[in-house]
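Peer 1: Let me begin by handing over the structure; questions about it come next.
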Amino acid sequence: MGYSTGNIIVTTLHVICAILSVGGVAFLRFVALPFSESLSDEEKQRFQLTLRKRFVPILHTSFLLLILTGIHHITRLIREGMTIPTPLIVKIVLALIIIFIGIALTIPKGFEGLKNKKKSWLSFNLLLATIVVYLGISVTHG
Ligand code: HEM
């Protein structure tokens, strides 16, 4: 209650980016990757290349906007004199872990250990995202 239109717009952007990144990862983990396993090596490579080209810019832009809108939220809460509650701190730390894993899995070079277990790390990220959404909503609806 008592949110300005500007704050509602920033929160809308925050939630849309959460939907795009978490929804995209769920689609990747449970639909696209299992489907790609039924393809021949050549088809699989082409399919994964197309996925990467289309999805990675959406994912990285969503991550960037989540961080920027998140920082906006925090500065607003501090300006309003609110002490940051522990669940919000836990939420932000978990969100940053999700973003780190997401970037590590999608940058062209490095983190081969993580990339070799991509499906497990995507599932782990989805589990963390469930907790992050719960904590985000519990902070605003508490
Ligand atoms: C995977 C990444 C993230 C997801 C899925 C996510 C999700 C959410 C959701 C669902 C809410 C509740 C919105 C509402 O009910 O009004 C929320 C609120 C919030 N998020 Fe995030 N978020 C993420 C990343 C971040 C990051 C990186 C930051 C900080 C840099 C951040 C800071 C905040 C803050 C401060 C609030 C509370 C806003 C308020 O009290 O009005 N979030 N988030």
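Chain identifiers are assigned as A, B, and so on, following the order in which chains appear in the structure tokens; residues are numbered from 1 within each chain, and ligands are numbered from 1 in order of appearance.
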According to DSSP computed on the backbone, where in region 52-130 of chain A is there alpha helix (DSSP H)? Give the residues as a PyMOL selection string.
Peer 2: chain A and resi 52-79+86-106+112-116+118-130
Peer 1: Which residues, written as a VMD selection string, have at least one atom at most 12 Å from Phe124 (chain A), with only C-alpha atoms counted and residues fewer than 4 positions away on the same chain left out?
Peer 2: chain A and resid 22 25 to 26 29 94 97 to 98 101 to 102 114 117 to 120 128 to 131
Peer 1: So that I can see what lies close to region 67-73 of chain A, please list as a PyMOL selection string the residues with an atom at most 9 Å from it, counting only C-alpha atoms and leaving out residues fewer than 4 positions away in the same chain.
Peer 2: chain A and resi 7+10-11+13-14+62-63+77-78+92+96
Peer 1: Smallest atom-to-atom distance to Ser21 (chain A): which of A:Ile89, A:Leu126, A:Ile74, A:Ala104, using only C-alpha atoms?
Peer 2: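 Residue with the minimum atom-to-atom distance to Ser21 (chain A): A:Leu126.
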Peer 1: Pick out the residues sitting within 7 Å of region 135-140 of chain A, and hand them over as a PyMOL selection string; count only C-alpha atoms, and ignore anything fewer than 3 positions along from it in its own chain.
Peer 2: chain A and resi 87-88+91+131-132
Peer 1: Using only C-alpha atoms and all ligand atoms, can you tell me which of A:Gly81, A:Ala95, A:Thr12, A:Arg46 comes closest to ligand 1?
Peer 2: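 Looking only at the distances to ligand 1, the closest residue turns out to be A:Ala95.
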Peer 1: Find the spatial neighbours of Leu105 (chain A), counting only C-alpha atoms, within a cut-off of 10 Å - ignore same-chain residues fewer than 3 positions away - and output them as a list in words.
Peer 2: Ile99, Phe100, Ile101, Gly102, Pro108, Lys109, Gly110, Phe111, Glu112, Gly113, Leu114, Lys115, Asn116, Lys117, Lys118, Trp121 and Leu122 of chain A
Peer 1: For CA of Leu51 (chain A) and CA of Phe35 (chain A), quote the distance in Å rounded to one decimal.
Peer 2: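 That distance, rounded to one decimal, is 12.1 Å.
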Peer 1: When distances are computed from only C-alpha atoms, which of A:Leu66, A:Leu33, A:Ile84, A:Val133 shows the smallest separation from Ile16 (chain A)?
Peer 2: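 Among the listed residues, the smallest separation from Ile16 (chain A) belongs to A:Leu66.
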Peer 1: So which one's closest to ligand 1, A:Ser36, A:Thr106, A:Gln48, A:Asn125? Using only C-alpha atoms and all ligand atoms, please.
Peer 2: A:Asn125
Peer 1: Name the closest residue to Ile58 (chain A) among the candidates A:Ile8, A:Leu127, A:Cys17, A:Val90; distances are taken between atoms, counting only C-alpha atoms.
Peer 2: A:Cys17
